[in-house]
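Student: Below you'll find the structure I mean.
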Amino acid sequence: MIESIQLRIMQGDPIVHDVHHATLPPLFRGMPELHPEKCPDGCKECVNICPTGALQLHPLRIDLGLCVFCPACERSCPEKAIHFTREYHISCSSRNQLIVGGTQSSITPEIASKKIRDYFGKSLKLRQISAGGCNGCELEINATSNVNFDMGRFGIEFVASPRHADGVVITGPLTKTMAQATELCFDAVPAPKVIILVGTCAISGGIFKGSPEIDRTFLGSHSIDLYIPGCPPHPLTFLTGILDWLDRKV
Amino acid sequence: MTSLSVQNQQPFPIDDIPILSVKEFENSVREELLAQARMIGLFGLETTESATTVVAVLGHSSTSAIHLLGTTFTPANNRYRSFADVDPQTHYFECELAENHQIIPEGHPWLRPVRKQTIILANQPYSMYKMEGEEIHEVAVGPIHAGVIEPGHFRFQCHGELVYHLEIILGYQHRGIEKLLLNASPSQQSIICESITGDTVIGHSMAYALAVEALSNTSVSLRTQVFRSLAEELERIAMHLAGLGGIANDVGYAIGSASYGRLRTLAINSTALLCGSRFGRGFIVPGGLQFDPTDEAIEALKVNLHVVQHDVLVINEVMFGSTSVLGRLDHTGTVEKEWAQSIGMVGPAARASGLDVDTRSQFPYGAYKYIHLPLITLSSCDVFARARMRSLEIDESLRFIFDQLENLPSGSVQSEMNAIRANSGVVSLIEGWRGEIAHCAFTDSKGIWKRYRIKDPSFHNWYGLSLALRSEAISDFPLCNKSFDLSYSGHDL
Ligand code: SF4
Ligand code: SF4
């Protein structure tokens with residue numbers, strides 16, 4: 001008993017209290033800052049090296065739904081026109097919002113509908129489905145519930161049964177072998193329900209886009225409520241994304 | 001013995017692999033196995049309409065030698081005598097070969113699917129093992145599990161609480177990685193390898209980088225090598241802390257789980273200091289490192305790890321001294337040494353069953369060629385041993401890192417890459433935190449991959465989990481599962 005109390009004291013106060021103003025390590029790669037005016041005519045260095053085809057030119061733009069934050073483009077650019085900042089507020093509610101350019105400094109999702117906020121604003125229970133996720137996204141989602149990020153304090157939690165859930169969180173590029181299970185699981189969630197895509201793989205297929213072992217029909221037939229980009233997304237991107245979307249002031 | 005003998009990461013011309021008749025191949029592989037070899041690979045190297053060349057890769061830990069030998073099968077002549085009824089460690093490799101190339105091992109005790117759930121093997125559709133009898137019942141779990149975890153299907157044959165048999169069906173995570181690698185650009189290949197399993201980014205990206213460097217005759221600086229090992233040990237520490245947290249959670253020991261969880265955050269944040277990613281993404285690339293850690297980053301890393309080192313000792317002492325915790329761990333999920341050996345288990349799970357297996361000391365690579373880590377083994381073979389092993393490895397890895405940080409070599413962390421040799425192959429072994437990772441790479445006449453074969457340690461150890469559950473209470477499944485902590489995506493590829 002005494003030992004447990006000692007352990008508790010040793011824990012100190014590890015929690016990130018202000019989830020909107022945390023400082024991530026200097027090399028952390030979040031929101032990119034782009035300077036299209038620096039691009040020399042005909043230069044294609046970044047486009048050529050990008051592993052997922054996330055870059056567009058004229059003007060220079062990055063699709064964060066495809067980007068794996070590797071950051072080969074930043075390193076290959078002779079003019080230093082691309083730089084990934086530490087800004088982790090990059091979740092959004094429409095696919096187009098993920099295509100960023102210029103010096104926009106962060107992304108804020110549009111606020112969910114009144115109905116969704118009325119139903120889930122104070123309590124949101126989620127069922128996670130890993131459909132080819134490499135365990136990177138899964139580990140970061142698990143981390144949202146640990147003593148550092150403690151998502152439960154906002155009433156957001158993961159539950160075991162889809163029957164108890166208000167929506168699903170999908171990771172991975174959606175493998176063929178998980179197509180049926182994904183559909184069944186989503187069907188088992190009572191309406192109204194939301195879909196949140198976490199990670200590059202889930203949002204676009206990422207590096208696995210075009211693999212014959214992938215089947216993304218499920219996504220084509222449902223509307224997506226929230227996109228959380230990253231490979232994997234930082235727990236704070238997940239947390240702040242959901243809070244902003246539900247218009248929760250913390 | 002008729003085989004090509006190479007060292008870890010030593011390139012060789014593909015033509016040097018002896019291609020034997022099926023009979024000679026059977027005999028030679030059997031001789032190798034009798035000489036205590038461990039199977040690292042058995043796969044199709046080249047397939048044409050009329051023939052498939054199959055290569056066997058066998059590791060001899062006592063001599064650090066890796067032996068390769070091959071044979072050719074045709075559609076008309078697609079059978080060989082199975083090794084698995086005598087040496088079960090080859091069982092799963094033979095299943096995989098049958099699944100991918102319809103090459104049938106005769107006398108195989110139990111041909112079952114590896115990644116494809118609906119499959120015809122030896123002209124028979126596979127149906128899961130089923131027991132019959134009064135009061136026997138079946139429990140099916142998955143592919144989607146209760147927690148935030150990857151998918152897989154578990155089928156238990158039970159009598160009351162008691163599990164007689166657990167069958168594990170995987171393949172839900174199959175993304176076609178080996179095929180994707182063949183047509184990928186170098187920058188794509190790095191990302192694919194980092195995503196084989198996202199909890200072993202350093203392990204797999206290192207195996208890949210070392211394979212490419214060996215085949216292109218590129219040497220990297222000592223600084224690069226030391227930082228790679230440092231990152232590998234950090235990954236080991238972080239995942240072992242995560243595992244111990246999971247075990248504490250599964251036995252209902254909340255303060256232990258919370259404490260390990262906090263320390264794991266410190267460990268992965270330390271990795272982020274080196275490269276920006278908490279999982280080491282973007283750190284290791286062929287030719288060196290993408291980021292050269294700054295002095296500030298190293299100082300911050302030291303501060304973090306000192307906390308980990310101090311606190312983990314206290315937590316271990318409390319957790320492993322608690323009778324109620326030990327009551328759950330002791331004698332649970334035992335895999336006897338003989339069993340572990342016969343199925344070719346690897347990594348901390350194997351060492352917890354008393355086996356001397358550790359790639360770092362037996363097939364040394366990178367910085368481990370100069371710096372030796374002790375090989376620890378335990379003998380109780382149960383969940384306790386697997387948990388304790390992980391805590392002991394954390395101590396050793398921390399010691400290793402602090403030693404290295406004392407005198408870090410200077411120098412560039414990026415070397416110029418040379419062209420990749422044509423018609424060559426290499427076997428690249430790494431001790432990931434789960435055990436032996438093997439990447440076997442082969443190039444064509446233009447120096448482009450014609451076969452890239454990946455083996456995650458989970459490939460061997462999933463079978464260990466099945467054995468651990470025999471005669472165990474089904475309620476202890478989560479605990480046993482966590483004590484193995486295996487990868488679904490690494491297995492499924
Ligand atoms: S950081 Fe993103 S946009 Fe840049 S090369 Fe990598 S994947 Fe492409
Ligand atoms: S987005 Fe990245 S971390 Fe997430 S599942 Fe895909 S590869 Fe893994």
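As shown in the structure tokens, the chain order sets the letters A, B, ...; within each chain, residues go from 1, and ligands are also counted from 1 in the order they appear.
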As a ChimeraX atom specification, please: the residues near Ile149 (chain B) (cut-off 12 Å, only C-alpha atoms, same-chain neighbours under 5 positions excluded).
Tutor: /A:127-142,158,160,169-172 /B:142-144,173,199,481-482,485-489
Student: Using only C-alpha atoms, which residues sit within 9 Å of Trp449 (chain B) once same-chain residues fewer than 6 positions away are excluded, as a list in words?
Tutor: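 The residues that qualify are Leu181, Leu182, Asn183, Ala441, Phe442 and Thr443 of chain B.
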Student: Could you write out the selected residues, including N, CA and C atoms, as an mmCIF file, in the first residue's frame?
Tutor:
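Output file out.cif follows:
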```cif
data_model
loop_
_atom_site.group_PDB
_atom_site.id
_atom_site.type_symbol
_atom_site.label_atom_id
_atom_site.label_comp_id
_atom_site.auth_asym_id
_atom_site.auth_seq_id
_atom_site.Cartn_x
_atom_site.Cartn_y
_atom_site.Cartn_z
ATOM 1 N N LEU B 181 7.292 -3.513 -52.878
ATOM 2 C CA LEU B 181 8.694 -3.108 -52.827
ATOM 3 C C LEU B 181 9.394 -3.259 -54.178
ATOM 4 N N LEU B 182 8.937 -4.236 -54.953
ATOM 5 C CA LEU B 182 9.640 -4.521 -56.210
ATOM 6 C C LEU B 182 9.571 -3.348 -57.180
ATOM 7 N N ASN B 183 8.455 -2.630 -57.183
ATOM 8 C CA ASN B 183 8.314 -1.534 -58.150
ATOM 9 C C ASN B 183 8.420 -0.160 -57.514
ATOM 10 N N ALA B 441 17.291 -9.935 -49.689
ATOM 11 C CA ALA B 441 17.073 -9.137 -50.898
ATOM 12 C C ALA B 441 17.882 -9.695 -52.054
ATOM 13 N N PHE B 442 17.253 -9.701 -53.235
ATOM 14 C CA PHE B 442 17.907 -10.241 -54.428
ATOM 15 C C PHE B 442 17.679 -9.286 -55.597
ATOM 16 N N THR B 443 18.739 -9.026 -56.380
ATOM 17 C CA THR B 443 18.601 -8.091 -57.495
ATOM 18 C C THR B 443 18.649 -8.811 -58.847
#
```
Student: Using DSSP assignments from the backbone, pull out every residue in region 26-212 of chain A that falls under strand (DSSP E or B) and give it to me as a ChimeraX atom specification.
Tutor: /A:32-34,55-56,61-63,82-84,92,99-101,124-130,156-158,167-171,175,194-198
Student: Using only C-alpha atoms, find which residues of chain B lie within 8 Å of chain A and jot them down as number ranges by chain.
Tutor: B: 143-151, 171-176, 180, 185, 187-188, 191-192, 195-199, 255, 258-259, 261-262, 265, 269, 272-277, 279, 281-282, 311, 314-315, 318, 489-490
Student: Could you tell me which of A:Glu183, A:Glu37, A:Asp166, A:Asp215 comes closest to Ile196 (chain A) if we count only C-alpha atoms?
Tutor: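 Of A:Glu183, A:Glu37, A:Asp166, A:Asp215, the one nearest Ile196 (chain A), counting only C-alpha atoms, is A:Asp166.
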Student: Given only C-alpha atoms and all ligand atoms as the basis, pick out the residue of B:Thr48, B:Ser190, B:Ser380, B:Asn249 nearest to ligand 1.
Tutor: B:Ser190
Student: Please report the interatomic distance between CA of Arg386 (chain B) and CA of Met319 (chain B) in Å with one decimal.
Tutor: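 Separation of CA of Arg386 (chain B) and CA of Met319 (chain B): 14.1 Å.
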Student: Of the residues A:Cys46, A:Cys92, A:Leu246, A:Leu239, which is the one nearest to Asp18 (chain A), using only C-alpha atoms?
Tutor: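 Once distances to Asp18 (chain A) are computed over only C-alpha atoms, the minimum belongs to A:Leu239.
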Student: Could you please determine the separation between CA of Gly327 (chain B) and CA of Ala387 (chain B) in Å, to one decimal place?
Tutor: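 Between these atoms lies a distance of 13.4 Å.
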Student: Using DSSP assignments from the backbone, pull out every residue in region 152-378 of chain B that falls under alpha helix (DSSP H) and give it to me as a ChimeraX atom specification.
Tutor: /B:177-182,186-194,201-215,222-250,254-275,295-320,323-329,337-342,347-352,359-362
Student: Show which residues sit within 7 Å of region 99-116 of chain A, as JSON, numbers by chain. Count only C-alpha atoms, and ignore same-chain residues fewer than 5 positions away.
Tutor: {"A": [31, 33, 34, 35, 36, 60, 61, 62, 63, 64, 87, 89, 90, 91, 92, 93, 241, 244, 245, 246, 247]}
Student: With C-alpha atoms retained, write the just-selected residues as a PDB file, in the first residue's frame.
Tutor:
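Output file again_18.pdb follows:
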```
ATOM      1  CA  MET A  31       1.860  21.851 -40.539  1.00  0.00           C
ATOM      2  CA  GLU A  33       5.072  26.236 -44.336  1.00  0.00           C
ATOM      3  CA  LEU A  34       5.438  26.679 -48.086  1.00  0.00           C
ATOM      4  CA  HIS A  35       7.064  29.465 -50.074  1.00  0.00           C
ATOM      5  CA  PRO A  36       5.957  28.968 -53.691  1.00  0.00           C
ATOM      6  CA  LEU A  60       3.399  24.569 -54.624  1.00  0.00           C
ATOM      7  CA  ARG A  61       0.959  22.653 -52.433  1.00  0.00           C
ATOM      8  CA  ILE A  62       1.025  19.592 -50.195  1.00  0.00           C
ATOM      9  CA  ASP A  63      -1.835  17.171 -49.712  1.00  0.00           C
ATOM     10  CA  LEU A  64      -1.606  16.273 -46.036  1.00  0.00           C
ATOM     11  CA  GLU A  87       2.177  23.057 -35.387  1.00  0.00           C
ATOM     12  CA  HIS A  89      -3.417  21.484 -35.198  1.00  0.00           C
ATOM     13  CA  ILE A  90      -3.926  19.913 -38.612  1.00  0.00           C
ATOM     14  CA  SER A  91      -7.158  17.914 -38.337  1.00  0.00           C
ATOM     15  CA  CYS A  92     -10.041  18.897 -40.571  1.00  0.00           C
ATOM     16  CA  SER A  93     -13.528  18.022 -41.616  1.00  0.00           C
ATOM     17  CA  GLY A 241      -9.041  17.836 -33.752  1.00  0.00           C
ATOM     18  CA  ASP A 244     -12.312  21.736 -32.133  1.00  0.00           C
ATOM     19  CA  TRP A 245     -14.771  19.805 -34.247  1.00  0.00           C
ATOM     20  CA  LEU A 246     -17.168  19.431 -31.309  1.00  0.00           C
ATOM     21  CA  ASP A 247     -16.563  23.107 -30.533  1.00  0.00           C
TER      22      ASP A 247
END
```
Student: I'd like the neighbourhood of His240 (chain B) as a ChimeraX atom specification, where a residue qualifies if any of its atoms comes within 10 Å (using only C-alpha atoms), though same-chain residues fewer than 2 positions away should be ignored.
Tutor: /B:234-238,242-246,260,264,348,387,389-394,433-434,485
Student: Restricted to C-alpha atoms, what would the selected residues look like written as a PDB file, in the first residue's frame?
Tutor:
```
ATOM      1  CA  LEU B 234      15.483   3.134 -27.462  1.00  0.00           C
ATOM      2  CA  GLU B 235      12.816   1.345 -29.472  1.00  0.00           C
ATOM      3  CA  ARG B 236      13.398  -1.772 -27.367  1.00  0.00           C
ATOM      4  CA  ILE B 237      13.091   0.209 -24.122  1.00  0.00           C
ATOM      5  CA  ALA B 238       9.931   1.983 -25.267  1.00  0.00           C
ATOM      6  CA  ALA B 242       4.618  -0.466 -23.228  1.00  0.00           C
ATOM      7  CA  GLY B 243       4.451  -4.249 -22.880  1.00  0.00           C
ATOM      8  CA  LEU B 244       5.024  -4.173 -19.139  1.00  0.00           C
ATOM      9  CA  GLY B 245       2.338  -1.515 -18.853  1.00  0.00           C
ATOM     10  CA  GLY B 246      -0.005  -3.799 -20.793  1.00  0.00           C
ATOM     11  CA  TYR B 260       5.134   2.237 -17.138  1.00  0.00           C
ATOM     12  CA  ARG B 264       7.174   4.906 -22.185  1.00  0.00           C
ATOM     13  CA  PRO B 348      12.859 -12.136 -25.569  1.00  0.00           C
ATOM     14  CA  ALA B 387       7.741  -9.950 -18.335  1.00  0.00           C
ATOM     15  CA  MET B 389      12.991 -10.592 -19.388  1.00  0.00           C
ATOM     16  CA  ARG B 390      11.623  -7.361 -20.763  1.00  0.00           C
ATOM     17  CA  SER B 391      12.454  -5.493 -17.581  1.00  0.00           C
ATOM     18  CA  LEU B 392      16.000  -6.892 -17.587  1.00  0.00           C
ATOM     19  CA  GLU B 393      16.453  -5.911 -21.218  1.00  0.00           C
ATOM     20  CA  ILE B 394      15.380  -2.370 -20.409  1.00  0.00           C
ATOM     21  CA  TRP B 433      12.665  -5.764 -29.870  1.00  0.00           C
ATOM     22  CA  ARG B 434      10.582  -8.878 -30.620  1.00  0.00           C
ATOM     23  CA  ASP B 485       3.156  -8.871 -27.758  1.00  0.00           C
TER      24      ASP B 485
END
```
Student: Name all residues at most 8 Å from region 205-218 of chain B (count only C-alpha atoms; drop same-chain ones fewer than 3 positions away) and give them as a VMD selection string.
Tutor: chain B and resid 9 to 11 190 193 to 194 201 to 202 228 284 to 287 415 to 421 424 to 430 437 to 441
Student: So the first atom is CA of Glu406 (chain B) and the second is CA of Phe363 (chain B); what is the distance between them in Å, to one decimal place?
Tutor: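 A separation of 25.6 Å between them.
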Student: Please list as a compact mmCIF listing (two decimals) with N, CA and C atoms, in the first residue's frame every residue within 7 Å of region 250-252 of chain B, counting only C-alpha atoms and excluding residues in the same chain fewer than 4 positions away.
Tutor:
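Result saved to selection-v3.txt:
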```
# COMPACT_ATOMS: atom_id res chain seq x y z
N GLY B 246 1.12 -2.97 -20.36
CA GLY B 246 0.00 -3.80 -20.79
C GLY B 246 -0.21 -4.99 -19.88
N VAL B 325 0.43 -9.71 -7.98
CA VAL B 325 0.84 -9.68 -9.38
C VAL B 325 1.49 -11.01 -9.74
N ARG B 328 -0.54 -14.01 -10.60
CA ARG B 328 -1.09 -14.11 -11.95
C ARG B 328 -0.03 -14.48 -13.00
N PRO B 478 -5.74 -12.89 -22.60
CA PRO B 478 -5.19 -11.54 -22.82
C PRO B 478 -3.80 -11.38 -22.22
N LEU B 479 -3.61 -11.95 -21.05
CA LEU B 479 -2.32 -11.84 -20.38
C LEU B 479 -1.22 -12.56 -21.18
```
Student: Using only C-alpha atoms, determine which residues lie at most 10 Å from Val19 (chain A), disregarding the query and same-chain residues fewer than 5 positions distant; provide the list as a list in words.
Tutor: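 Listing them by chain and then by number gives Phe149, Met151, Pro235, Leu236, Thr237, Leu239, Thr240, Leu243 and Val250 of chain A.
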Student: Go through B:Ser221, B:Asp85, B:Glu472, B:Ala184 and flag the residue nearest Gln157 (chain B), using only C-alpha atoms for the distances.
Tutor: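 So, comparing all the options, the nearest one is B:Glu472.
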Student: Quick one: of B:Leu408, B:Ile177, B:Leu467, B:Ile247, who's nearest to ligand 2, counting only C-alpha atoms and all ligand atoms?
Tutor: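 Closest residue, counting only C-alpha atoms and all ligand atoms: B:Ile177.
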